[in-house]
Amino acid sequence: MKQGEIVHEVLAEWWASPQDIVPLFEGVFARYLQDEHIPPGYHTERLRNSMLDDLTRFVRQDPWPRAAFRSEMEREFTFELAPGVAVRGRIDRIDTAPDGKAYVIDYKYSRADTVKDKLENDNLLQAPLYLMAAEQVYGARAAGVFYVGLRTGMVYAGWSESPLLDSVAMPERWLERTRERALTIVEEIRAGRVSVQPADPAKCRWCDAKDVCRVEQAGAEELVQVEEAE
């Protein structure tokens with residue numbers, strides 16, 4: 001998580017004021033080491049080198065047509081999804097063209113395949129919610145949203161009304177269906193729904209709360225039921 005925070009902070013400052021990325025990164029990295037009490041050593045240095053390599057690659061190879069847009073970085077938002085339901089967050093970057101079309105950019109310090117997989121995951125709500133925020137809070141005419149994968153490579157993966165950077169078309173009624181799904185989730189949370197039904201069980205091994213939600217027990221019970229049925 002801290003690696004992602006460091007990379008985000010460096011990119012926000014660099015995009016607003018292009019400069020030599022190396023001293024910029026070194027300053028941010030050193031401050032994080034001090035503020036977070038991260039000890040020096042081989043592992044810390046290895047991660048430092050990896051982050052610097054990834055940032056340098058982005059600066060040198062970024063295919064985004066920067067000159068065609070006006071950029072706003074780190075834009076916080078709060079908007080009402082429905083009466084009594086507010087959504088709050090922060091958009092990494094909003095790029096607006098002279099014709100008013102705007103693109104939401106979200107940096108991910110993740111590998112390319114992980115970022116590309118987001119295009120196929122209908123359970124994710126971040127991208128359409130960020131588009132809604134750009135429209136409702138900042139008055140943007142949202143034309144697309146892109147994830148930018150930065151780790152050990154660089155990739156743009158996103159949705160757009162035009163084939164910009166090999167993006168895919170935005171789903172039909174995307175924002176409307178996202179609002180409906182999000183409100184359904186809110187209703188279930190408020191109703192106390194605690195059933196063990198992870199959207200992506202493959203990620204359960206990374207979850208700090210997997211023992212609390214009993215996902216392994218639920219899987220075993222499901223297997224027993226299947227065997228009994230056979």
# chains A, B, ... in the order shown; residues from 1 in each chain; ligands from 1
>>> select_by_dssp(residues="segment 16-193 of chain A", states="helix (DSSP H, G or I)", output="PyMOL selection string")
chain A and resi 16+21-35+42-61+66-68+112-120+126-138+164-166+174-190
>>> residues_around(residues="segment 192-201 of chain A", least_positions_apart="6", cutoff="8 Å", atoms="only C-alpha atoms", output="JSON, numbers by chain")
{"A": [123, 213, 214, 215, 218]}
>>> residues_around(residues="segment 98-114 of chain A", least_positions_apart="4", cutoff="8 Å", atoms="only C-alpha atoms", output="number ranges by chain")
A: 3-4, 7-8, 68-69, 91-94, 118, 130-131, 134, 140-155
>>> write_last_selection(atoms="C-alpha atoms", output="short mmCIF file (atom, residue, chain, number, x, y, z; two decimals), in the first residue's frame")
data_model
loop_
_atom_site.label_atom_id
_atom_site.label_comp_id
_atom_site.auth_asym_id
_atom_site.auth_seq_id
_atom_site.Cartn_x
_atom_site.Cartn_y
_atom_site.Cartn_z
CA GLN A 3 4.45 1.76 -2.50
CA GLY A 4 1.24 2.83 -4.21
CA VAL A 7 4.07 6.42 -6.63
CA HIS A 8 0.79 8.35 -6.61
CA ALA A 68 -4.39 17.91 -25.91
CA PHE A 69 -5.78 18.21 -22.37
CA ILE A 91 -9.73 11.01 -8.46
CA ASP A 92 -6.06 10.82 -9.41
CA ARG A 93 -6.46 12.96 -12.52
CA ILE A 94 -9.13 14.50 -14.71
CA LYS A 118 -10.51 -5.07 -14.55
CA TYR A 130 -15.57 8.05 -10.64
CA LEU A 131 -17.21 9.02 -13.92
CA ALA A 134 -16.52 13.84 -12.51
CA ALA A 140 -17.23 17.28 -16.70
CA ARG A 141 -18.61 15.77 -19.88
CA ALA A 142 -17.22 12.34 -19.13
CA ALA A 143 -15.92 10.63 -22.25
CA GLY A 144 -14.02 7.78 -20.65
CA VAL A 145 -12.02 6.37 -17.78
CA PHE A 146 -8.63 4.68 -17.83
CA TYR A 147 -6.63 2.59 -15.38
CA VAL A 148 -2.89 3.08 -15.82
CA GLY A 149 -0.87 0.07 -14.71
CA LEU A 150 2.66 1.01 -13.71
CA ARG A 151 4.34 -1.97 -12.09
CA THR A 152 7.10 -3.76 -14.06
CA GLY A 153 5.59 -2.33 -17.23
CA MET A 154 3.03 0.21 -18.34
CA VAL A 155 -0.44 -0.34 -19.71
#
>>> closest_residue(among="A:Glu176, A:Arg75, A:Leu164, A:Met170", to="Pro63 of chain A", atoms="only C-alpha atoms")
A:Leu164
>>> atom_distance(atom1="atom CA of Asp95 of chain A", atom2="atom CA of Arg70 of chain A")
5.5 Å
>>> residues_around(residues="Ser167 of chain A", least_positions_apart="6", cutoff="6 Å", atoms="only C-alpha atoms", output="list in words")
Gly158, Trp159 and Ser160 of chain A
>>> select_by_dssp(residues="chain A", states="strand (DSSP E)", output="MDAnalysis selection string")
chainID A and resid 70:82 85:96 101:108 141:149 155:160
>>> write_last_selection(atoms="N, CA and C atoms", output="compact mmCIF listing (two decimals), in the first residue's frame")
# COMPACT_ATOMS: atom_id res chain seq x y z
N ARG A 70 -6.25 19.67 -20.54
CA ARG A 70 -5.96 20.42 -19.32
C ARG A 70 -6.17 19.47 -18.15
N SER A 71 -5.17 19.34 -17.30
CA SER A 71 -5.21 18.33 -16.25
C SER A 71 -5.47 18.92 -14.88
N GLU A 72 -6.24 18.17 -14.09
CA GLU A 72 -6.45 18.48 -12.67
C GLU A 72 -6.11 17.23 -11.87
N MET A 73 -5.27 17.40 -10.85
CA MET A 73 -4.80 16.25 -10.08
C MET A 73 -5.42 16.19 -8.69
N GLU A 74 -5.54 14.93 -8.19
CA GLU A 74 -5.96 14.67 -6.81
C GLU A 74 -7.25 15.42 -6.47
N ARG A 75 -8.29 15.17 -7.22
CA ARG A 75 -9.56 15.88 -7.04
C ARG A 75 -10.47 15.08 -6.12
N GLU A 76 -10.68 15.61 -4.93
CA GLU A 76 -11.57 14.95 -3.96
C GLU A 76 -13.03 15.23 -4.33
N PHE A 77 -13.89 14.29 -3.97
CA PHE A 77 -15.30 14.46 -4.31
C PHE A 77 -16.19 13.83 -3.26
N THR A 78 -17.38 14.37 -3.17
CA THR A 78 -18.47 13.78 -2.40
C THR A 78 -19.75 14.09 -3.16
N PHE A 79 -20.53 13.08 -3.46
CA PHE A 79 -21.80 13.34 -4.12
C PHE A 79 -22.84 12.35 -3.58
N GLU A 80 -24.09 12.74 -3.74
CA GLU A 80 -25.19 11.94 -3.21
C GLU A 80 -25.66 10.94 -4.26
N LEU A 81 -25.53 9.67 -3.93
CA LEU A 81 -25.98 8.62 -4.82
C LEU A 81 -27.51 8.48 -4.77
N ALA A 82 -28.05 8.73 -3.58
CA ALA A 82 -29.48 8.72 -3.31
C ALA A 82 -29.66 9.42 -1.97
N VAL A 85 -27.43 8.51 1.06
CA VAL A 85 -26.29 7.69 0.61
C VAL A 85 -25.31 8.57 -0.15
N ALA A 86 -24.13 8.81 0.43
CA ALA A 86 -23.13 9.65 -0.21
C ALA A 86 -21.91 8.81 -0.59
N VAL A 87 -21.28 9.19 -1.66
CA VAL A 87 -20.06 8.54 -2.12
C VAL A 87 -18.92 9.55 -2.02
N ARG A 88 -17.84 9.14 -1.39
CA ARG A 88 -16.71 10.05 -1.21
C ARG A 88 -15.44 9.37 -1.71
N GLY A 89 -14.56 10.13 -2.33
CA GLY A 89 -13.32 9.56 -2.83
C GLY A 89 -12.39 10.62 -3.38
N ARG A 90 -11.40 10.17 -4.15
CA ARG A 90 -10.45 11.10 -4.75
C ARG A 90 -10.00 10.55 -6.10
N ILE A 91 -10.11 11.38 -7.11
CA ILE A 91 -9.73 11.01 -8.46
C ILE A 91 -8.27 11.43 -8.69
N ASP A 92 -7.46 10.51 -9.19
CA ASP A 92 -6.06 10.82 -9.41
C ASP A 92 -5.87 11.96 -10.40
N ARG A 93 -6.63 11.92 -11.50
CA ARG A 93 -6.46 12.96 -12.52
C ARG A 93 -7.70 13.05 -13.39
N ILE A 94 -8.07 14.26 -13.74
CA ILE A 94 -9.13 14.50 -14.71
C ILE A 94 -8.53 15.32 -15.84
N ASP A 95 -8.57 14.79 -17.05
CA ASP A 95 -8.04 15.48 -18.22
C ASP A 95 -9.19 15.96 -19.09
N THR A 96 -9.24 17.26 -19.36
CA THR A 96 -10.34 17.84 -20.13
C THR A 96 -9.83 18.43 -21.43
N LYS A 101 -14.85 17.47 -23.43
CA LYS A 101 -14.82 16.05 -23.10
C LYS A 101 -13.73 15.78 -22.06
N ALA A 102 -14.05 14.96 -21.06
CA ALA A 102 -13.12 14.72 -19.96
C ALA A 102 -12.88 13.23 -19.76
N TYR A 103 -11.66 12.92 -19.38
CA TYR A 103 -11.27 11.54 -19.11
C TYR A 103 -10.76 11.43 -17.67
N VAL A 104 -11.23 10.42 -16.99
CA VAL A 104 -10.77 10.14 -15.64
C VAL A 104 -9.59 9.17 -15.72
N ILE A 105 -8.50 9.51 -15.05
CA ILE A 105 -7.30 8.68 -15.05
C ILE A 105 -7.06 8.18 -13.63
N ASP A 106 -6.89 6.87 -13.50
CA ASP A 106 -6.64 6.28 -12.18
C ASP A 106 -5.37 5.44 -12.24
N TYR A 107 -4.35 5.84 -11.48
CA TYR A 107 -3.10 5.10 -11.47
C TYR A 107 -3.24 3.84 -10.59
N LYS A 108 -2.69 2.75 -11.08
CA LYS A 108 -2.67 1.51 -10.32
C LYS A 108 -1.23 1.00 -10.26
N ARG A 141 -17.88 16.59 -18.91
CA ARG A 141 -18.61 15.77 -19.88
C ARG A 141 -17.80 14.51 -20.08
N ALA A 142 -18.07 13.53 -19.22
CA ALA A 142 -17.22 12.34 -19.13
C ALA A 142 -17.24 11.55 -20.43
N ALA A 143 -16.04 11.36 -21.00
CA ALA A 143 -15.92 10.63 -22.25
C ALA A 143 -15.22 9.30 -22.07
N GLY A 144 -14.68 9.04 -20.88
CA GLY A 144 -14.02 7.78 -20.65
C GLY A 144 -13.25 7.75 -19.35
N VAL A 145 -12.81 6.55 -18.99
CA VAL A 145 -12.02 6.37 -17.78
C VAL A 145 -10.95 5.32 -18.06
N PHE A 146 -9.74 5.58 -17.58
CA PHE A 146 -8.63 4.68 -17.83
C PHE A 146 -7.91 4.32 -16.53
N TYR A 147 -7.58 3.03 -16.39
CA TYR A 147 -6.63 2.59 -15.38
C TYR A 147 -5.26 2.60 -16.04
N VAL A 148 -4.26 3.08 -15.31
CA VAL A 148 -2.89 3.08 -15.82
C VAL A 148 -2.07 2.16 -14.93
N GLY A 149 -1.71 1.00 -15.45
CA GLY A 149 -0.87 0.07 -14.71
C GLY A 149 0.58 0.46 -14.84
N VAL A 155 0.69 0.01 -18.87
CA VAL A 155 -0.44 -0.34 -19.71
C VAL A 155 -1.60 0.59 -19.40
N TYR A 156 -2.31 0.98 -20.44
CA TYR A 156 -3.57 1.71 -20.30
C TYR A 156 -4.70 0.73 -20.57
N ALA A 157 -5.66 0.67 -19.68
CA ALA A 157 -6.84 -0.18 -19.87
C ALA A 157 -8.06 0.61 -19.44
N GLY A 158 -9.00 0.78 -20.34
CA GLY A 158 -10.14 1.59 -19.95
C GLY A 158 -11.29 1.55 -20.94
N TRP A 159 -12.26 2.40 -20.65
CA TRP A 159 -13.47 2.52 -21.45
C TRP A 159 -13.54 3.93 -21.99
N SER A 160 -14.01 4.05 -23.22
CA SER A 160 -14.09 5.38 -23.82
C SER A 160 -15.14 5.39 -24.91
>>> closest_residue(among="A:Ile21, A:Ala133, A:Leu47, A:Ala202", to="Arg179 of chain A", atoms="only C-alpha atoms")
A:Ala133
